[in-house]
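Written out below as C-alpha cells is the structure these notes cover.
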Amino acid sequence: MMLLAGTRPEAVKLAPLALALEARPGLRPLVVHSGQHQGMVEQALAPFEVEIDAWLDVPPRVSGTQAELVSGLLPALDAALRRYQPSAVVVQGDTTTGLAGALAAFWLGIPVVHLEAGLRTHDLASPFPEEGTRQMISRIAALHLVPTAAAGAALLAEGVPSERITLTGNTVVDAVLAVAARDLPARDPALALLEMGIAEAGEQLVLVTSHRRESWGEPLTRTLTAVRQIVDTHPRVQVLFPVHPNPAVRQQVENVLGGVARVTVTEPLEYPDLVRALRLASLVLTDSGGIQEEAPTFGTPVLVLRDTTERPEAVEAGCAWLVGTDTELITDTAARILRGEMSAAVSANPYGNGSAAALSASAIEALLGVSANSAALVSPKGTQC
C-alpha cells in the first residue's frame with residue numbers, strides 16, 4: 001500500500017505507521033515522496049530509518065501557487081498509482097499532497113485512508129486552505145483514522161458511517177516518544193550553543209515557530225513585536241526561532257529580530273533537534289498544529305498564535321492557550337508563564353500514548369481484509385480522548 005508524503009509534518013506522522021505496517025505480514029508500505037517540499041521529507045524520515053521508495057515526476061514549480069502544485073501532482077500521481085497498483089493509499093492531514101493523492105486514488109477506485117482525520121474548526125477561512133482540504137478528503141476517504149474522540153464525533157455529525165472511523169490517537173506522539181527516548185545530542189550548532197549557555201546561566205528558552213499562510217504579513221509582524229518585547233522585559237530569556245524557508249517570511253523575521261541580543265534565528269531544525277528544543281523550552285509560541293500535539297508530552301506550555309484551532313484538546317487539557325497574534329495578549333500571557341504564575345497542567349498527552357501506529361495498522365488490515373481485527377471508534381487504552 002502507498003504512503004504519500006510531501007511535507008515534513010506528513011513524513012513525521014507517517015513514519016511510525018510505515019514501521020508498523022512493515023512489521024505486519026501481508027502488508028508492504030510503499031513510501032512515496034510527492035516533491036512538494038524537496039529535502040524536507042527525506043530529513044524527517046531519516047531518524048526513523050524509513051526510506052523513500054519512489055519520487056513523483058513533478059515539473060519544477062514557478063509561481064508557487066496551489067493550483068500549480070495540484071496541476072503538477074495529479075498526472076504524476078495517476079501514473080504512479082497505475083504503475084504500482086497499491087491496495088490502498090494513505091494520505092495525512094490537510095496538505096495539498098494529501099488532497100491530490102486522495103483525488104487521484106479515488107478516481108481510480110483505490111481506497112483512501114485518511115490519517116489524522118476529522119479535525120475541524122468549521123471555518124473555511126481558518127486555517128486556510130487546510131480546513132477546506134480536510135473536509136474535501138473526508139468526503140471520499142474509505143477509512144478515517146481519527147486522533148481524538150472529538151474528531152470522530154465531527155465525522156459522525158457529517159454523516160460518515162461509524163464503521164469507517166477508527167480512533168487511534170495521533171502518530172506524532174509515537175514519533176516524539178521514539179525520538180525522545182534516544183536522547184540524541186543537538187546537531188544544529190546554534191541549538192547546541194544555546195543548550196550549553198542556558199544550562200550554565202540558568203536561563204529560560206522560548207521556542208518560536210510561525211509558518212501558516214494566514215500568519216504571514218501583518219499577523220507575523222505583531223507576533224515578532226511580541227517576541228521582541230518578551231526579550232526586552234525578561235533578561236533571563238533566550239529565544240530560538242527556526243524560520244520557515246519562504247524568503248518573504250525570513251525577511252520579515254530578520255527586519256524585526258535581526259541582530260537582537262538573545263534571539264537566535266536558524267534554518268528549520270531537523271526533527272530530533274526540534275524534539276530536543278521542545279524538551280528544553282520553558283515556553284513555546286507557535287501556529288504549528290504538530291507542536292500543539294508534541295509539546296504536551298513534555299509538559300511544555302504552548303501559546304497558540306491563532307484565533308481558532310482544530311486541535312482544541314490541548315487547550316481544554318490546560319496544556320495550551322489561544323492568544324492569536326495580539327501583541328499585548330502574547331506578551332502578558334508569556335510573562336505570567338515565565339514568572340511561574342501559570343503552568344501547563346500535569347496530565348497525559350491528550351493526543352495519545354504511543355499506540356496510534358499499531359492501532360492504525362490494525363484498522364488498515366481490517367479494511368483490506370488482511371485480518372479479522374476491527375476497532376471502530378475504540379479509544380486506545382490510556383489515551384485521554
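All residue names refer to the C-alpha cells as shown: chains lettered A, B, ... in order, residues numbered from 1 in each chain, ligands numbered from 1 in order.
Every protein or nucleic acid residue with an atom no more than 6 Å from Pro147 (chain A), counting only C-alpha atoms and leaving out same-chain residues fewer than 4 positions away, appears here: Glu116, Leu167, Thr168, Gly169 and Asn170 of chain A.
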Output C-alpha atoms of each residue in that selection to a file, as a short mmCIF file (atom, residue, chain, number, x, y, z; two decimals), in the first residue's frame.
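Below is the file that was written, selection_24.cif:
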```
data_model
loop_
_atom_site.label_atom_id
_atom_site.label_comp_id
_atom_site.auth_asym_id
_atom_site.auth_seq_id
_atom_site.Cartn_x
_atom_site.Cartn_y
_atom_site.Cartn_z
CA GLU A 116 -5.33 12.34 11.30
CA LEU A 167 -9.98 6.18 16.99
CA THR A 168 -6.23 5.72 17.20
CA GLY A 169 -4.58 8.69 18.85
CA ASN A 170 -2.06 10.68 16.84
#
```
Atom pair CA of Pro59 (chain A) + CA of Ala100 (chain A), distance 15.0 Å
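You can rank A:Ser215, A:Ser282, A:Gln43, A:Thr65 by their closest distance to Ala11 (chain A) using only C-alpha atoms, and at the top of that list sits A:Gln43.
Every protein or nucleic acid residue with an atom no more than 8 Å from Leu99 (chain A), counting only C-alpha atoms and leaving out same-chain residues fewer than 6 positions away, appears here: Val91, Thr133, Arg134, Met136 and Ile137 of chain A.
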Those residues with N, CA and C atoms, as an mmCIF file, in the first residue's frame please?
```
data_model
loop_
_atom_site.group_PDB
_atom_site.id
_atom_site.type_symbol
_atom_site.label_atom_id
_atom_site.label_comp_id
_atom_site.auth_asym_id
_atom_site.auth_seq_id
_atom_site.Cartn_x
_atom_site.Cartn_y
_atom_site.Cartn_z
ATOM 1 N N VAL A 91 -3.110 8.998 3.037
ATOM 2 C CA VAL A 91 -2.766 10.417 2.994
ATOM 3 C C VAL A 91 -2.907 10.968 4.407
ATOM 4 N N THR A 133 -9.311 21.625 2.817
ATOM 5 C CA THR A 133 -8.633 20.414 2.349
ATOM 6 C C THR A 133 -9.071 19.200 3.153
ATOM 7 N N ARG A 134 -9.076 19.309 4.476
ATOM 8 C CA ARG A 134 -9.509 18.190 5.318
ATOM 9 C C ARG A 134 -10.943 17.773 4.996
ATOM 10 N N MET A 136 -12.636 18.147 2.265
ATOM 11 C CA MET A 136 -12.735 17.509 0.954
ATOM 12 C C MET A 136 -12.229 16.074 0.987
ATOM 13 N N ILE A 137 -11.107 15.837 1.682
ATOM 14 C CA ILE A 137 -10.594 14.472 1.789
ATOM 15 C C ILE A 137 -11.609 13.580 2.507
#
```
Distance table requested - region 69-173 of chain A against region 309-325 of chain A, cut-off 10 Å, only C-alpha atoms: one row per qualifying residue with the closest atom pair and its distance in Å to one decimal, ordered by chain and rising residue number, as a tab-separated table.
```
residue	atom	partner	partner_atom	distance
A:Gly118	CA	A:Glu310	CA	9.1
A:Leu119	CA	A:Glu310	CA	5.3
A:Arg120	CA	A:Glu310	CA	4.8
A:Thr121	CA	A:Glu310	CA	4.9
A:His122	CA	A:Glu310	CA	8.6
A:Asp123	CA	A:Glu310	CA	9.7
A:Ser126	CA	A:Thr309	CA	8.2
A:Pro127	CA	A:Thr309	CA	7.9
A:Glu131	CA	A:Glu310	CA	8.4
A:Pro147	CA	A:Arg311	CA	9.8
A:Thr148	CA	A:Glu313	CA	8.3
A:Ala149	CA	A:Glu313	CA	9.9
A:Ala150	CA	A:Glu313	CA	8.5
A:Ala151	CA	A:Glu310	CA	9.0
```
